[in-house]
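Structure record follows, encoded as structure tokens.
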Amino acid sequence: MRQPIAVLAIATTAIAVASVATGAPQNQRAALQAAVDAPTRTPANKARDTARHPAETLAFFGVEPTHTVVEMYPGGGWYTEILAPYLKDKGQLWVAAPAPNGLKGVQSLIAKDAATYGKVKVAALPASDGMAGVPDGSADVVLTFRNVHNWRFGGADAAQQVFNAAFRMLKPGGTLGVVEHRLPESRDAAAEEKSGYMKTSSVIGFAEKAGFEVVGQSEVNANAKDTADYPGGVWTLAPSLRGGEQYRAIGESDRMTIRFRKPAA
């Protein structure tokens with residue numbers, strides 16, 4: 001059984017989940033659902049909504065249509081396909097990743113559909129010659145989905161640098177939202193270096209060292225069927241299914257969903 005980090009964490013989690021369920025305005029919920037249902041989304045991406053819970057996840061992170069949002073390491077643009085139409089009229093979406101390879105997926109979306117993605121701003125993370133980074137103190141929300149393990153593969157210092165960068169991007173009082181494959185707290189932390197899973201305490205440790213405070217945690221992306229102990233790591237499961245079809249019934253990974261805050265002062 002997964003052990004809680006602290007009683008306080010459980011209390012804040014319950015409060016945060018309750019506030020999402022009752023506090024989001026109806027028009028905001030409708031706008032978010034419209035973005036999830038957007039016809040511009042890739043059908044294969046939409047098919048994974050039942051495993052990735054985008055509407056519930058973004059509501060938990062408090063993302064509003066008027067926000068300036070940074071999506072770090074967007075990969076092929078799974079969440080970009082939702083965030084771009086959601087923010088297009090009243091907000092602003094940045095994508096930030098190592099240039100040039102980390103930005104190719106979103107740049108392909110922009111090239112194919114300027115009407116949907118033309119307002120998306122692209123930034124290097126870290127900033128590089130010929131491409132600036134996201135301006136410090138400019139974002140209301142910074143988001144990252146299933147990326148922390150990749151940063152950890154580069155070493156603890158590499159992971160810390162990305163959390164530090166997220167802190168700099170945010171306005172005081174801004175939100176960092178993290179979704180990551182979850183390693184049980186009882187496991188050897190060495191598994192983080194190769195399995196694709198991270199301990200919740202490790203992720204919180206990186207965030208707190210950067211200056212963030214925990215607002216709450218949600219179980220919206222939890223999966224009790226995932227034992228997180230496969231020789232091939234998290235890629236054993238869907239969508240990669242490197243372990244074979246016999247793992248399809250488990251579904252996608254068990255994931256932590258944590259909302260952090262940059263202190264207002």
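Chain identifiers are assigned as A, B, and so on, following the order in which chains appear in the structure tokens; residues are numbered from 1 within each chain, and ligands are numbered from 1 in order of appearance.
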
Surrounding residues of A:Thr200 excluding itself and chain neighbours under 4 positions, 9 Å, only C-alpha atoms, as a ChimeraX atom specification:
/A:5,180,182-185,204-205,256,258

Please write the residues from the selection above to a file, keeping all heavy atoms, as a CSV table (one decimal), in the first residue's frame.
chain,number,residue,atom,x,y,z
A,5,ILE,N,2.7,10.9,2.4
A,5,ILE,CA,3.9,11.6,2.8
A,5,ILE,C,3.7,12.3,4.1
A,5,ILE,O,4.6,12.3,4.9
A,5,ILE,CB,4.2,12.6,1.7
A,5,ILE,CG1,4.6,11.9,0.4
A,5,ILE,CG2,5.4,13.5,2.1
A,5,ILE,CD1,4.8,12.9,-0.8
A,180,GLU,N,3.0,12.8,-13.3
A,180,GLU,CA,4.2,12.0,-13.4
A,180,GLU,C,3.8,10.6,-13.0
A,180,GLU,O,3.1,10.3,-12.1
A,180,GLU,CB,5.3,12.5,-12.6
A,180,GLU,CG,6.6,11.7,-12.6
A,180,GLU,CD,7.1,11.4,-14.0
A,180,GLU,OE1,7.3,12.4,-14.8
A,180,GLU,OE2,7.3,10.3,-14.4
A,182,ARG,N,4.1,7.2,-11.1
A,182,ARG,CA,4.3,7.2,-9.6
A,182,ARG,C,5.0,5.9,-9.2
A,182,ARG,O,4.5,4.8,-9.4
A,182,ARG,CB,3.0,7.4,-8.9
A,182,ARG,CG,3.1,7.5,-7.4
A,182,ARG,CD,1.9,8.1,-6.8
A,182,ARG,NE,0.6,7.6,-7.3
A,182,ARG,CZ,-0.6,8.1,-7.0
A,182,ARG,NH1,-0.7,9.2,-6.2
A,182,ARG,NH2,-1.7,7.6,-7.5
A,183,LEU,N,6.1,6.0,-8.5
A,183,LEU,CA,6.8,4.9,-7.9
A,183,LEU,C,6.4,4.9,-6.4
A,183,LEU,O,6.4,5.9,-5.7
A,183,LEU,CB,8.3,5.1,-8.0
A,183,LEU,CG,9.2,4.0,-7.5
A,183,LEU,CD1,9.1,2.8,-8.4
A,183,LEU,CD2,10.7,4.5,-7.4
A,184,PRO,N,6.0,3.7,-5.9
A,184,PRO,CA,5.7,3.6,-4.5
A,184,PRO,C,6.8,4.1,-3.6
A,184,PRO,O,8.0,3.8,-3.9
A,184,PRO,CB,5.4,2.1,-4.3
A,184,PRO,CG,4.9,1.6,-5.7
A,184,PRO,CD,5.8,2.4,-6.6
A,185,GLU,N,6.4,4.7,-2.5
A,185,GLU,CA,7.4,5.3,-1.6
A,185,GLU,C,8.3,4.2,-1.0
A,185,GLU,O,9.5,4.5,-0.6
A,185,GLU,CB,6.7,6.1,-0.5
A,185,GLU,CG,6.1,7.4,-1.0
A,185,GLU,CD,7.1,8.4,-1.5
A,185,GLU,OE1,8.2,8.6,-0.9
A,185,GLU,OE2,6.8,9.1,-2.5
A,204,ILE,N,8.1,16.3,-5.1
A,204,ILE,CA,7.9,17.4,-4.1
A,204,ILE,C,9.2,18.0,-3.7
A,204,ILE,O,9.3,19.2,-3.5
A,204,ILE,CB,7.0,16.9,-3.0
A,204,ILE,CG1,5.6,16.6,-3.4
A,204,ILE,CG2,7.0,17.9,-1.8
A,204,ILE,CD1,4.7,16.0,-2.4
A,205,GLY,N,10.2,17.1,-3.5
A,205,GLY,CA,11.5,17.6,-3.0
A,205,GLY,C,12.1,18.6,-4.0
A,205,GLY,O,12.6,19.6,-3.7
A,256,MET,N,0.9,10.4,-10.3
A,256,MET,CA,0.6,11.5,-9.3
A,256,MET,C,0.2,12.7,-10.1
A,256,MET,O,0.5,12.9,-11.3
A,256,MET,CB,1.9,11.8,-8.5
A,256,MET,CG,3.0,12.4,-9.4
A,256,MET,SD,4.6,12.6,-8.5
A,256,MET,CE,5.3,11.0,-8.7
A,258,ILE,N,0.0,16.7,-9.0
A,258,ILE,CA,0.3,17.6,-7.9
A,258,ILE,C,0.2,19.1,-8.4
A,258,ILE,O,0.8,19.4,-9.4
A,258,ILE,CB,1.7,17.3,-7.4
A,258,ILE,CG1,1.9,15.9,-7.1
A,258,ILE,CG2,1.9,18.1,-6.1
A,258,ILE,CD1,3.3,15.5,-6.6

Those of stretch 11-160 of chain A in DSSP helix (DSSP H, G or I), formatted as a CSV table (one decimal) with C-alpha atoms, in the first residue's frame:
chain,number,residue,atom,x,y,z
A,11,ALA,CA,-5.8,17.2,4.2
A,12,THR,CA,-4.7,19.6,1.5
A,13,THR,CA,-5.4,17.1,-1.2
A,14,ALA,CA,-9.0,16.7,0.0
A,15,ILE,CA,-9.5,20.4,0.1
A,16,ALA,CA,-8.1,20.9,-3.3
A,17,VAL,CA,-10.2,18.2,-4.9
A,18,ALA,CA,-13.3,19.5,-3.3
A,19,SER,CA,-12.6,23.0,-4.6
A,20,VAL,CA,-12.2,21.8,-8.1
A,21,ALA,CA,-15.5,19.9,-8.0
A,22,THR,CA,-17.5,22.9,-6.7
A,23,GLY,CA,-15.6,26.1,-7.5
A,26,GLN,CA,-19.9,26.8,-15.4
A,27,ASN,CA,-18.6,28.8,-18.4
A,28,GLN,CA,-15.0,27.9,-17.6
A,29,ARG,CA,-16.0,24.2,-17.4
A,30,ALA,CA,-17.8,24.5,-20.7
A,31,ALA,CA,-14.9,26.1,-22.4
A,32,LEU,CA,-12.5,23.5,-21.2
A,33,GLN,CA,-14.8,20.7,-22.3
A,34,ALA,CA,-15.1,22.4,-25.7
A,35,ALA,CA,-11.3,22.3,-26.0
A,36,VAL,CA,-11.2,18.7,-25.1
A,43,PRO,CA,-8.3,10.9,-33.1
A,44,ALA,CA,-5.6,8.7,-31.6
A,45,ASN,CA,-5.0,11.4,-28.9
A,46,LYS,CA,-8.7,11.7,-28.2
A,49,ASP,CA,-8.8,10.8,-22.8
A,50,THR,CA,-10.2,8.0,-20.6
A,51,ALA,CA,-6.7,7.3,-19.4
A,52,ARG,CA,-5.3,10.8,-19.2
A,54,PRO,CA,-7.5,16.1,-19.5
A,55,ALA,CA,-10.6,18.1,-18.5
A,56,GLU,CA,-10.4,17.0,-14.9
A,57,THR,CA,-6.6,17.4,-14.7
A,58,LEU,CA,-6.6,21.0,-16.1
A,59,ALA,CA,-9.5,21.9,-13.9
A,60,PHE,CA,-7.6,20.7,-10.9
A,80,THR,CA,-1.0,21.3,-26.8
A,81,GLU,CA,-4.0,20.1,-28.9
A,82,ILE,CA,-6.3,21.0,-26.0
A,83,LEU,CA,-4.5,24.1,-24.5
A,84,ALA,CA,-4.1,25.9,-27.8
A,85,PRO,CA,-7.8,26.2,-28.6
A,86,TYR,CA,-8.7,26.8,-24.9
A,87,LEU,CA,-6.3,29.8,-24.7
A,101,ASN,CA,14.4,18.6,-31.3
A,102,GLY,CA,12.1,19.1,-28.3
A,103,LEU,CA,10.0,21.6,-30.2
A,104,LYS,CA,9.5,19.8,-33.5
A,105,GLY,CA,6.2,18.2,-32.5
A,106,VAL,CA,4.5,21.5,-31.8
A,107,GLN,CA,6.2,23.3,-34.6
A,108,SER,CA,4.6,20.6,-36.9
A,109,LEU,CA,1.2,21.4,-35.5
A,110,ILE,CA,1.7,25.1,-36.1
A,111,ALA,CA,2.8,24.5,-39.7
A,112,LYS,CA,-0.2,22.3,-40.4
A,114,ALA,CA,-2.1,28.0,-38.2
A,115,ALA,CA,-5.8,28.8,-37.5
A,116,THR,CA,-5.6,26.7,-34.3
A,117,TYR,CA,-2.0,26.9,-33.3
A,148,VAL,CA,10.1,14.5,-14.7
A,149,HIS,CA,11.5,11.0,-15.1
A,150,ASN,CA,13.2,12.2,-18.3
A,151,TRP,CA,14.8,15.1,-16.5
A,152,ARG,CA,15.9,12.6,-13.7
A,153,PHE,CA,17.6,10.5,-16.3
A,156,ALA,CA,19.2,15.1,-10.0
A,157,ASP,CA,20.9,18.3,-10.9
A,158,ALA,CA,19.3,18.3,-14.3
A,159,ALA,CA,15.9,17.7,-12.9
A,160,GLN,CA,16.4,20.5,-10.3

Which distance in Å separates atom CA of A:Glu64 and atom CA of A:Met169, to one decimal?
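According to the coordinates, atom CA of A:Glu64 and atom CA of A:Met169 are separated by 17.4 Å.
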
Looking only at strand (DSSP E or B) from DSSP on the backbone, list the matching residues of stretch 153-186 of chain A as a PyMOL selection string.
chain A and resi 170-183

Long-range neighbours of stretch 231-244 of chain A as a list of chain:residue names, 8 Å cut-off, only C-alpha atoms, 6 positions minimum in chain
A:His181, A:Lys194, A:Ser195, A:Gly196, A:Tyr197, A:Ile250, A:Gly251, A:Glu252, A:Ser253

Long-range neighbours of stretch 95-98 of chain A as a PyMOL selection string, 12 Å cut-off, only C-alpha atoms, 4 positions minimum in chain:
chain A and resi 68-77+79-81+83-84+102-107+109-110+117+119-129+131-135+139+141-144+147+151+162+165-166+169

For A:Ala224, which residue out of A:Arg255, A:Gly211, A:Trp94, A:His67 is the nearest one, using only C-alpha atoms?
A:Arg255
